[in-house]
Amino acid sequence: MLRARYAVLAGLVFVIAGVFTARLIQWQIVQAEKYSCCDEPDVYTISSGAIRGEIYDINGKGLALNLTSHRAVLNRMFISTDELNGIIVRLADIIESCGGEWTDILPVGTDREGGFFFIADRADEADSMRARDELGLSPELSAEECMERLAEHYKCSELSREEQRRVISVRYNMDKTGSGRARPYVFAEDISQEAMLAVNEKMKDQEGVYAESYAVRTYINGSAAPGIVGVTGLISQEEYDRLKDSGYAYNDIIGKSGVEGALESELRGRSGSRVYSVGEDGQARLVSTEGACPGNSVYLTIDLDLQNAAQTALAEAVKEAQSYAAETGDISMGADCTGAAAVVIRTEDFAVLCAAGCPTYDLGEYYEKYEELAVEEGAPLFDRAFMGALAPGSTFKPLSACAALQEKKITADTKIECTGVYTAGGLSLWCMGIHGAQDVRNALMNSCNVFFSEVGRRLGIEKLDSYARQFGLGVKTGVEIGESCGTLAGPEYSAEAGGVWYDGSVSPAAIGQSDNQFTPLQLAVYAATLANGGRRMRAHVVDRVVRYGTDETVYKTTPELVEEVGVSRENIETVKEGMLMAAQSYSALDGFPVRIGGKTGTAENGGSDHANFICFAPYDKPEIAVAVMVEHGARSCVAVNAARRILEQYFAADKRTA
C-alpha cells in the first residue's frame, strides 16, 4: 500500500511538471514573437504647450498679450507612489510659507476642532466625488466617512488630519484630471517668483518636483473690443474629435470666438515634446526632445484710441436717451434704451477701424463672471456691432434714391408732391411734415416718407433688394469673424418666415421699415460704398500677421473688391449731395470743422424707436464711413451726437482739417 501511494504521488508530480513544461514551451518557443514585446521599455511622450501669438491694435497697442507667471509641477515620471504623499505635504508647506495657494478642489473642509464637513459652494463637486465607486465611496456617506475611506485609499491614515486633507485633495484632483507619467500635474498656478525660487531650492533633491515660468493669456484693455478679440478656453470633446489629427491634445487651449477663434491656426503655434522610455527597472530615460514653436502674432485694423472713444460715446448716448425720457416723463422716448453700437470703416480698403458696443465687458473676467454677464441688462455678451441687426429707418433712403435714379424711375430733377401722408395699396404712411414738391436731394435732406414711398412703388421690391445687396445690405460683408447677414424685406424672407408678401409693402421697405434689419457693420459698409463712388470692398479686421516677437510679416491683408455696384457716378453724386444737405441741417453737427455727408433714421418697433445715423467724411475726399445704431434711442440726434464724438476723435488724432 505504501508503494502504491508513492507511485500515485510520483505520477501527480510528473503530470504537474509536464503541464508546466508544456506551458513554458508554448510561451518561450511557440508564442515567443507574441510575448517578445514584454522586454521592450514603455515609451511616454510629455507635451509642452506652445506660446500663443499675441494680438495688437493697428498701432501696436496690446489687446491679448502673454505675461509671465510661475507654477509648481509634479512629474509622476520620476516620483514613485510610495514617496508621493510625503512630497505633497512638503511642497504644500513651501507654497503656503511664501503666501501662495496650491490647487485645491476638494469639497471637504476642516473646522476648528479638526472635523471634516462638506463645503457649501462645492456641493456639485461633493456629489461627483461620492459617486465614484473606484474610490470606495457612495452617495450616502458623510464628510467624515468619505475622508476616512479616502485616507485608506491613498494610504495616508497615519498623517495628521490637516496633512491627510492636503494629500487627499491633491491626489483626488490628480486622479480626476488623469495625471500620470505622460501628463505632469500642476500643483500650484500663478505663484510668486519667491515661491518659485523656494520650490526649486528646497526640492532640488527630489527629481520630478520643480517650479517653472509660463505664459499667461492676459487681455490688456479687455473691455475695448471683446467681441472682436474673443476668448480662449479648454478644448471641448467635439473640438478634440475634429482636430486631434492636426496635433491637438485633449487638454489643449483653443480659440473659442472672435479673432482668437478665427485665426486659431496662426495664433496657436506648435507644441514641443520630450520622449521618455521606462524599462523594467522603473527608471525613466530621455530619448528625444522637440522644441516648441510660438504662434504668429496678429495686428488688427482696430484703432484702440478710436475704439475707446466710441465706447464712451455710446455709453453717453444710452444715458442721453434715458435722461430725456425721464425729463419728459414719456417712457416711449428712450426709457427702454439699454444698448448701442458703432462701426467705423476706412473707405480706401474697408478696414474696420472701430467696432464698439455698449454695454461692454472685460475679457479678463469672461469666465469668472460669465453667469452674471449672461443675464445682465443690456446683454453685454452680445456683439451688437457685427451681430445686432435692427431696422435701419431712413438711413435706407439713400439706397432707394440710388436704385430709382439708376433704373430711371426718377431723375435728379423729378419732383414728387408731399402732402404729409402717402396712400397706396391700402397702406397709409405718414410723413414728418408737409414738404410740398420735393426732388431727390431735398427729399433726402427732409427725410420725406412720401417721396420715398412713391419711389419704392415705382421700383418694385425685386429691384430695390437687388441694389441693396450690391451695397452690402442683407448679405455678409466678408469680415473674418462671425457676423449676421441681416434681413432684406421681400417675398423670399416672407416665405421663409411663413408669411405672405404684398406688393404694397414695398413702400415701407423703401423707407427702411417692413422686415428690413441690418447690422451696424453692414450700414457702415453701405455708407463707405456710397462714399467711394460705388466700389464695395470686403470688410476686414485683420491688418497683418507677423512672426512672434519680430516685425517680419507673414501675411498682409490686401484690399479685395467685392463688386462695383450698378449705379453711375453721376447718380451717386446726386445722392451724396442730398446727404451733404441733410448733414448740414442737423444741429448736432453745427460747427464741425469737416464737411460730412450723412443721413439719420428713426425706426419704428416695439418700444421706443431705434435711433440710427450713417455718414462719411470728409465729404470731398472721404476717408471714413461711420454707422451708429442706438437701440430704442427714440431721437436720431442721440445717434448723431455719438457719431460726432467719434469723428472728433478721428480727426483730432490725425490733426486733420477740412
# chains A, B, ... in the order shown; residues from 1 in each chain; ligands from 1

call {"tool": "residues_around", "arguments": {"residues": "Val554 (chain A)", "least_positions_apart": "6", "cutoff": "8 Å", "atoms": "only C-alpha atoms", "output": "mmCIF file with N, CA and C atoms, in the first residue's frame"}}
result
data_model
loop_
_atom_site.group_PDB
_atom_site.id
_atom_site.type_symbol
_atom_site.label_atom_id
_atom_site.label_comp_id
_atom_site.auth_asym_id
_atom_site.auth_seq_id
_atom_site.Cartn_x
_atom_site.Cartn_y
_atom_site.Cartn_z
ATOM 1 N N ARG A 544 -2.486 92.517 -40.424
ATOM 2 C CA ARG A 544 -1.346 91.691 -40.825
ATOM 3 C C ARG A 544 -1.053 90.647 -39.757
ATOM 4 N N VAL A 545 -0.304 89.635 -40.160
ATOM 5 C CA VAL A 545 0.172 88.588 -39.261
ATOM 6 C C VAL A 545 1.692 88.617 -39.302
ATOM 7 N N VAL A 546 2.343 88.598 -38.136
ATOM 8 C CA VAL A 546 3.809 88.687 -38.074
ATOM 9 C C VAL A 546 4.372 87.541 -37.239
ATOM 10 N N ARG A 547 5.630 87.238 -37.445
ATOM 11 C CA ARG A 547 6.298 86.227 -36.641
ATOM 12 C C ARG A 547 6.412 86.728 -35.204
#

call {"tool": "residues_around", "arguments": {"residues": "region 380-386 of chain A", "least_positions_apart": "5", "cutoff": "8 Å", "atoms": "only C-alpha atoms", "output": "PyMOL selection string"}}
result
chain A and resi 227+340-343+355-361+373-374+482-484+519-521

call {"tool": "write_last_selection", "arguments": {"atoms": "N, CA and C atoms", "output": "mmCIF file, in the first residue's frame"}}
result
data_model
loop_
_atom_site.group_PDB
_atom_site.id
_atom_site.type_symbol
_atom_site.label_atom_id
_atom_site.label_comp_id
_atom_site.auth_asym_id
_atom_site.auth_seq_id
_atom_site.Cartn_x
_atom_site.Cartn_y
_atom_site.Cartn_z
ATOM 1 N N GLY A 227 -15.713 91.540 -28.325
ATOM 2 C CA GLY A 227 -16.305 90.713 -29.368
ATOM 3 C C GLY A 227 -15.361 90.444 -30.514
ATOM 4 N N ALA A 340 -26.244 100.083 -27.592
ATOM 5 C CA ALA A 340 -25.910 100.828 -28.808
ATOM 6 C C ALA A 340 -24.651 100.224 -29.417
ATOM 7 N N ALA A 341 -24.408 100.551 -30.676
ATOM 8 C CA ALA A 341 -23.210 100.056 -31.351
ATOM 9 C C ALA A 341 -22.781 101.042 -32.421
ATOM 10 N N ALA A 342 -21.497 101.013 -32.759
ATOM 11 C CA ALA A 342 -20.952 101.885 -33.792
ATOM 12 C C ALA A 342 -19.825 101.169 -34.524
ATOM 13 N N VAL A 343 -19.749 101.409 -35.829
ATOM 14 C CA VAL A 343 -18.674 100.851 -36.654
ATOM 15 C C VAL A 343 -18.100 101.965 -37.508
ATOM 16 N N ALA A 355 -15.221 99.004 -33.917
ATOM 17 C CA ALA A 355 -16.462 98.228 -33.860
ATOM 18 C C ALA A 355 -16.836 98.117 -32.387
ATOM 19 N N ALA A 356 -17.553 99.110 -31.916
ATOM 20 C CA ALA A 356 -17.818 99.235 -30.483
ATOM 21 C C ALA A 356 -19.251 98.879 -30.148
ATOM 22 N N GLY A 357 -19.437 98.402 -28.930
ATOM 23 C CA GLY A 357 -20.774 98.081 -28.440
ATOM 24 C C GLY A 357 -20.945 98.541 -27.006
ATOM 25 N N CYS A 358 -22.167 98.822 -26.639
ATOM 26 C CA CYS A 358 -22.481 99.237 -25.274
ATOM 27 C C CYS A 358 -23.766 98.549 -24.855
ATOM 28 N N PRO A 359 -23.783 97.918 -23.660
ATOM 29 C CA PRO A 359 -22.684 97.831 -22.689
ATOM 30 C C PRO A 359 -21.611 96.849 -23.144
ATOM 31 N N THR A 360 -20.459 96.946 -22.503
ATOM 32 C CA THR A 360 -19.361 96.063 -22.826
ATOM 33 C C THR A 360 -18.989 95.262 -21.584
ATOM 34 N N TYR A 361 -17.944 94.463 -21.674
ATOM 35 C CA TYR A 361 -17.466 93.679 -20.535
ATOM 36 C C TYR A 361 -15.964 93.480 -20.689
ATOM 37 N N LEU A 373 -22.831 88.031 -16.426
ATOM 38 C CA LEU A 373 -22.887 88.738 -17.703
ATOM 39 C C LEU A 373 -24.005 88.211 -18.589
ATOM 40 N N ALA A 374 -24.273 86.913 -18.493
ATOM 41 C CA ALA A 374 -25.283 86.295 -19.350
ATOM 42 C C ALA A 374 -26.684 86.815 -19.078
ATOM 43 N N GLY A 482 -17.347 86.145 -36.854
ATOM 44 C CA GLY A 482 -18.779 85.939 -37.026
ATOM 45 C C GLY A 482 -19.557 87.222 -37.239
ATOM 46 N N GLU A 483 -20.535 87.169 -38.133
ATOM 47 C CA GLU A 483 -21.403 88.315 -38.404
ATOM 48 C C GLU A 483 -22.772 87.822 -38.840
ATOM 49 N N SER A 484 -23.758 88.685 -38.704
ATOM 50 C CA SER A 484 -25.103 88.386 -39.179
ATOM 51 C C SER A 484 -25.252 88.910 -40.601
ATOM 52 N N THR A 519 -27.098 95.174 -39.685
ATOM 53 C CA THR A 519 -26.156 95.400 -38.592
ATOM 54 C C THR A 519 -25.437 96.734 -38.774
ATOM 55 N N PRO A 520 -24.868 97.280 -37.701
ATOM 56 C CA PRO A 520 -24.037 98.479 -37.849
ATOM 57 C C PRO A 520 -22.893 98.271 -38.842
ATOM 58 N N LEU A 521 -22.322 97.067 -38.867
ATOM 59 C CA LEU A 521 -21.253 96.774 -39.834
ATOM 60 C C LEU A 521 -21.770 96.901 -41.258
#

call {"tool": "residues_around", "arguments": {"residues": "region 189-194 of chain A", "least_positions_apart": "2", "cutoff": "8 Å", "atoms": "only C-alpha atoms", "output": "list in words"}}
result
Ser69, His70, Arg71, Ala72, Ile95, Cys98, Gly100, Glu101, Trp102, Thr103, Val186, Phe187, Met196, Leu197 and Ala198 of chain A

call {"tool": "select_by_dssp", "arguments": {"residues": "region 494-537 of chain A", "states": "helix (DSSP H, G or I)", "output": "PyMOL selection string"}}
result
chain A and resi 494-496+503-510+520-531

call {"tool": "select_by_dssp", "arguments": {"residues": "region 180-428 of chain A", "states": "strand (DSSP E or B)", "output": "VMD selection string"}}
result
chain A and resid 180 183 185 to 191 209 to 219 232 to 234 253 to 255 270 272 to 278 284 to 290 293 297 to 300 340 to 346 351 to 358 390 416 to 418 421 to 424 427 to 428

call {"tool": "closest_residue", "arguments": {"among": "A:Ser453, A:Thr301, A:Thr45, A:Asn605", "to": "Leu427 (chain A)", "atoms": "only C-alpha atoms"}}
result
A:Ser453

call {"tool": "closest_residue", "arguments": {"among": "A:Ser494, A:Ser142, A:Ser514, A:Gln438", "to": "Val108 (chain A)", "atoms": "only C-alpha atoms"}}
result
A:Ser142

call {"tool": "atom_distance", "arguments": {"atom1": "CA of Leu243 (chain A)", "atom2": "CA of Ala50 (chain A)"}}
result
16.2 Å

call {"tool": "atom_distance", "arguments": {"atom1": "CA of Ile410 (chain A)", "atom2": "CA of Asp620 (chain A)"}}
result
25.2 Å

call {"tool": "residues_around", "arguments": {"residues": "region 245-248 of chain A", "least_positions_apart": "3", "cutoff": "12 Å", "atoms": "only C-alpha atoms", "output": "PDB file with C-alpha atoms, in the first residue's frame"}}
result
ATOM      1  CA  SER A  47       3.977  67.659 -24.472  1.00  0.00           C
ATOM      2  CA  SER A  48       4.942  71.226 -23.702  1.00  0.00           C
ATOM      3  CA  GLY A  49       2.450  73.810 -24.916  1.00  0.00           C
ATOM      4  CA  ALA A  50       3.485  76.394 -27.470  1.00  0.00           C
ATOM      5  CA  LEU A 234     -10.092  74.320 -22.877  1.00  0.00           C
ATOM      6  CA  ILE A 235     -10.747  72.263 -25.984  1.00  0.00           C
ATOM      7  CA  SER A 236     -14.162  70.545 -25.985  1.00  0.00           C
ATOM      8  CA  GLN A 237     -14.743  66.894 -26.827  1.00  0.00           C
ATOM      9  CA  GLU A 239     -13.357  70.133 -30.999  1.00  0.00           C
ATOM     10  CA  TYR A 240     -10.868  67.458 -29.976  1.00  0.00           C
ATOM     11  CA  ASP A 241     -12.541  64.829 -32.162  1.00  0.00           C
ATOM     12  CA  ARG A 242     -12.362  67.239 -35.089  1.00  0.00           C
ATOM     13  CA  ASN A 251      -6.087  69.285 -22.613  1.00  0.00           C
ATOM     14  CA  ASP A 252      -5.119  71.964 -25.153  1.00  0.00           C
ATOM     15  CA  ILE A 253      -6.274  75.572 -25.042  1.00  0.00           C
ATOM     16  CA  ILE A 254      -8.027  76.732 -28.200  1.00  0.00           C
ATOM     17  CA  GLU A 264      -6.508  79.853 -34.302  1.00  0.00           C
ATOM     18  CA  SER A 265      -4.214  78.265 -36.891  1.00  0.00           C
ATOM     19  CA  ARG A 268      -1.646  78.552 -31.810  1.00  0.00           C
ATOM     20  CA  GLY A 269       1.948  77.659 -32.667  1.00  0.00           C
ATOM     21  CA  ARG A 270       3.453  74.175 -32.360  1.00  0.00           C
ATOM     22  CA  SER A 271       3.833  72.251 -29.114  1.00  0.00           C
ATOM     23  CA  GLY A 272       7.150  70.774 -28.054  1.00  0.00           C
ATOM     24  CA  SER A 273       7.673  67.289 -26.638  1.00  0.00           C
TER      25      SER A 273
END

call {"tool": "residues_around", "arguments": {"residues": "region 286-289 of chain A", "least_positions_apart": "5", "cutoff": "7 Å", "atoms": "only C-alpha atoms", "output": "number ranges by chain"}}
result
A: 273-277

call {"tool": "residues_around", "arguments": {"residues": "Leu314 (chain A)", "least_positions_apart": "4", "cutoff": "10 Å", "atoms": "only C-alpha atoms", "output": "list in words"}}
result
Asn308, Ala309, Ala310, Val318, Lys319, Glu320, Gly339, Ala340, Ala341, Ala342, Ala356, Gly357, Cys358, Pro359, Val628, Met629, Val630, Val638, Ala639, Asn641, Ala642, Ala643, Arg645 and Ile646 of chain A

call {"tool": "atom_distance", "arguments": {"atom1": "CA of Asp336 (chain A)", "atom2": "CA of Ala391 (chain A)"}}
result
16.5 Å

call {"tool": "residues_around", "arguments": {"residues": "region 121-124 of chain A", "least_positions_apart": "5", "cutoff": "12 Å", "atoms": "only C-alpha atoms", "output": "list of chain:residue names"}}
result
A:Asp104, A:Ile105, A:Leu106, A:Pro107, A:Val108, A:Gly109, A:Met129, A:Arg130, A:Ala131, A:Pro139, A:Ala143

call {"tool": "write_last_selection", "arguments": {"atoms": "C-alpha atoms", "output": "PDB file, in the first residue's frame"}}
result
ATOM      1  CA  ASP A 104      -7.458  72.682  -4.066  1.00  0.00           C
ATOM      2  CA  ILE A 105     -10.819  71.481  -5.406  1.00  0.00           C
ATOM      3  CA  LEU A 106     -11.648  69.036  -2.609  1.00  0.00           C
ATOM      4  CA  PRO A 107     -15.236  69.719  -1.473  1.00  0.00           C
ATOM      5  CA  VAL A 108     -14.356  68.933   2.137  1.00  0.00           C
ATOM      6  CA  GLY A 109     -13.106  71.433   4.710  1.00  0.00           C
ATOM      7  CA  MET A 129     -16.818  62.701  -5.623  1.00  0.00           C
ATOM      8  CA  ARG A 130     -19.208  60.486  -3.645  1.00  0.00           C
ATOM      9  CA  ALA A 131     -20.458  58.918  -6.874  1.00  0.00           C
ATOM     10  CA  PRO A 139     -23.714  58.932  -2.181  1.00  0.00           C
ATOM     11  CA  ALA A 143     -17.791  64.027   5.060  1.00  0.00           C
TER      12      ALA A 143
END
